[in-house]
Structure formats: C-alpha cells, structure tokens
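Novice: Once you've had a glance at the structure underneath, I'll fire off some questions.
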Amino acid sequence: MSQTWIILGGTSTIARTFARMASERGEGVILAGRDMDDLTATAADCAARGAPIAESIKFDARDAKTFSPIIERAAELEGEISVAVFVGSMPPQDEIDDDPSLIAGTVTDSFTGPAEFLTTIAPELEKRASGTIVGVGSVAGDRGRLGNYVYGASKAGFHAYLSGLRNRLGRSGVHVVTVKPGTVDTAMTWGLDKLPFLAPPEKVSKDIFKAVDRKRDVIYTPIIWWPVMTIIRMIPERIFKKMQI
C-alpha cells in the first residue's frame, strides 16, 4: 500500500531530514509550514529522491483556517496517510519571564495547535483504519526544569494528548508514536550553552522510522536520554527544586 506523510513544521531541520528519508523509502510527502519558498525547495528535493508525491502547503499552528485545506488534500489521497508533527517554539525562559504574553504562542505552537489539527484529521485516519501519527515532543516535558519550564509544560501536555490519542486511534488500526528527543543540532538550539548528548537530526529521523516500523509507542532519542530522564524523574521534589538543571 502506498504511503503519504503529511509533515507539519516542514521547514524544521529534523522535518527536512525526515522528509528526505521518507522520499528515499518511496513514500510521498506533503510538507506543511509557514515558509512556502523553503517548503517548495524541500519538496523539489524530495521528488528528486524518489517521492511519488512531493507537495508543499500552508500551515500555521496559530491559524486554524490553514488546517482545512490540508484535511481536504488528505481526503483526496489514495493509500495510507500518516502525519508527523515537528511543530514547536522555545523562546528563552528569561524572555518569557520578562514578557509572559509569549506563553500563549509557545503553548499553541508546541501543543494546542498540533493537537487541534490531529483531532481534526483523526476521523480520516480512522475511516481508513491505517496510518501512523508521529508526535515529536521533548525530554523537557518529563519534568519542569528551571531553564525552560513553559516549553516543558507545553510538551508535557502534548505527551499526555498523544497518549490519549494512541488509546483512541489504536482501536481502529492507527498507530501513534510519541518521540522525546533530547538536544538536537537545529536552529532551535543554536547558540545555547552546555548542551549534553547533542544529536544530529539524521540520528533522530532514523530513530523515528525505526519506531514507526516496529510500532513503538514512546521513544527517547538518542537512547541515552531514557536512563538520564528516568533518574531525573526519580529525584525527590524537595531536592530537585534546588538543582540548577
């Protein structure tokens, strides 16, 4: 059965790498995001790499009016439809502390916007009784940390949403994968100091496809983050609140 990926946040570094890998697997890609010139260039690259469908379309997590054209295009497609969500924003925590109005945009980009889109497209996947949803969260969502607790809170909410969506869609044959990357070498992390276990986007994309093929529910990538976050979650709150992490 043919497969087409709808890739939200298609201009992100990881999404671009993921789209190229999907194309090399012979899968179609519809790249959705704000920068149409960037998306169109990536779509052309994907077509050259073997994607049977390689298109670009407008998507803005803060503008629900951009959702309908994507849903309508999905309904026209034959074969299996899958969705990969790479959307998110992470303003520095000190900037948010100075300007709390930044919270709304961070939460919309990283949680509520993608959740609204996935809830809207879910009936189409249920009707086809196939497909995969990849939701990219973050290890930051595992515990509220001093340096990025607003971003972490939005990703924690997204994780909980994906867990419930997995419970719902799994009953009709649609699989939902929650991906928790650590620090990745992307535009979002450029200029930040002290980034442990920094991973290239190619590594994260490969891990995502392994998870998709093996029907994994939740993955950490790179895998080193699984023991690290297990330890961090186990630290008592009375100690954790005094730590500079």
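Naming scheme: A, B, ... for chains in displayed order of the structure tokens; residues 1 onward per chain; ligands 1 onward as shown.
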As an MDAnalysis selection string, which residues of segment 20-208 of chain A does DSSP assign to strand (DSSP E or B)?

Specialist: chainID A and resid 28:33 54:58 80:85 132:136 175:181 184 199

Novice: Any chance you can output those residues with C-alpha atoms as a compact mmCIF listing (two decimals), in the first residue's frame?

Specialist:
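As written to disk, again-v6.txt reads:
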```
# COMPACT_ATOMS: atom_id res chain seq x y z
CA GLY A 28 5.07 10.56 -0.58
CA VAL A 29 5.43 13.79 1.37
CA ILE A 30 3.24 16.84 1.83
CA LEU A 31 5.30 19.50 3.56
CA ALA A 32 3.23 21.91 5.64
CA GLY A 33 4.52 25.10 7.25
CA ALA A 54 6.05 15.86 -3.14
CA GLU A 55 3.98 18.93 -2.37
CA SER A 56 4.02 22.00 -0.16
CA ILE A 57 1.06 23.58 1.60
CA LYS A 58 0.49 26.39 4.08
CA GLU A 80 -2.20 5.14 3.63
CA ILE A 81 -2.00 8.57 5.21
CA SER A 82 0.39 9.31 8.06
CA VAL A 83 1.14 12.53 9.92
CA ALA A 84 4.40 13.68 11.50
CA VAL A 85 4.35 16.69 13.81
CA THR A 132 0.76 6.42 11.76
CA ILE A 133 0.92 9.64 13.72
CA VAL A 134 4.36 10.73 14.89
CA GLY A 135 4.24 13.39 17.58
CA VAL A 136 7.59 14.97 18.39
CA HIS A 175 -0.64 3.84 15.46
CA VAL A 176 0.59 6.86 17.44
CA VAL A 177 4.27 7.26 18.30
CA THR A 178 5.48 9.76 20.92
CA VAL A 179 9.04 10.87 20.24
CA LYS A 180 11.07 12.50 23.03
CA PRO A 181 14.29 13.93 21.61
CA VAL A 184 19.30 18.20 18.68
CA ALA A 199 22.46 14.70 18.35
```

Novice: Name all residues at most 10 Å from Lys127 of chain A (count only C-alpha atoms; drop same-chain ones fewer than 5 positions away) and give them as a short mmCIF file (atom, residue, chain, number, x, y, z; two decimals) with N, CA and C atoms, in the first residue's frame.

Specialist:
```cif
data_model
loop_
_atom_site.label_atom_id
_atom_site.label_comp_id
_atom_site.auth_asym_id
_atom_site.auth_seq_id
_atom_site.Cartn_x
_atom_site.Cartn_y
_atom_site.Cartn_z
N ALA A 122 -8.10 13.11 12.58
CA ALA A 122 -8.23 11.75 13.12
C ALA A 122 -9.35 10.93 12.47
N SER A 172 -8.73 1.41 15.98
CA SER A 172 -9.10 1.31 14.57
C SER A 172 -7.91 1.02 13.67
N GLY A 173 -6.76 0.69 14.26
CA GLY A 173 -5.61 0.31 13.46
C GLY A 173 -4.65 1.42 13.12
N VAL A 174 -4.81 2.59 13.74
CA VAL A 174 -3.90 3.71 13.53
C VAL A 174 -2.93 3.76 14.70
#
```

Novice: Write out as a count of residues only all residues of segment 136-236 of chain A that backbone DSSP assigns to alpha helix (DSSP H).

Specialist: 44

Novice: So that I can see what lies close to Ser138 of chain A, please list as a PyMOL selection string the residues with an atom at most 12 Å from it, counting only C-alpha atoms and leaving out residues fewer than 3 positions away in the same chain.

Specialist: chain A and resi 86-90+110-111+135+141-144+148-149+151-159+178-184+204+218-222+225-226+229

Novice: Determine the nearest neighbour of Ile232 of chain A from the options A:Leu169, A:Leu8, A:Ala140, A:Ala48, counting only C-alpha atoms.

Specialist: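 The closest residue to Ile232 of chain A is A:Ala140.
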
Novice: Tell me which protein, DNA and RNA residues are within 9 Å of Arg20 of chain A, counting only C-alpha atoms, leaving out same-chain ones fewer than 3 positions away, and put them as a VMD selection string.

Specialist: chain A and resid 15 to 17 23 to 25 29 42 to 43 45 to 46 49 51

Novice: Compare A:Val139, A:Pro91, A:Leu102, A:Ile7 by their minimum atom-to-atom distance to Pro227 of chain A, counting only C-alpha atoms, and give me the closest one.

Specialist: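 Checking each of A:Val139, A:Pro91, A:Leu102, A:Ile7 against Pro227 of chain A, counting only C-alpha atoms, the winner is A:Val139.
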
Novice: Between atom CA of Ala61 of chain A and atom CA of Thr108 of chain A, what is the distance, to one decimal in Å?

Specialist: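 So the two atoms, atom CA of Ala61 of chain A and atom CA of Thr108 of chain A, lie 6.5 Å apart.
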
Novice: Please indicate the distance in Å from atom CA of Gly170 of chain A to atom CA of Thr112 of chain A, rounded to one decimal place.

Specialist: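 Between atom CA of Gly170 of chain A and atom CA of Thr112 of chain A the gap is 21.3 Å.
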
Novice: When you count only C-alpha atoms, which of these residues is closest to Leu118 of chain A: A:Pro200, A:Ser130, A:Gly147, A:Leu162?

Specialist: A:Leu162

Novice: Pick out the closest residue to Leu77 of chain A from this set: A:Ile223, A:Leu125, A:Ile208, A:Ala64. Count only C-alpha atoms.

Specialist: A:Leu125
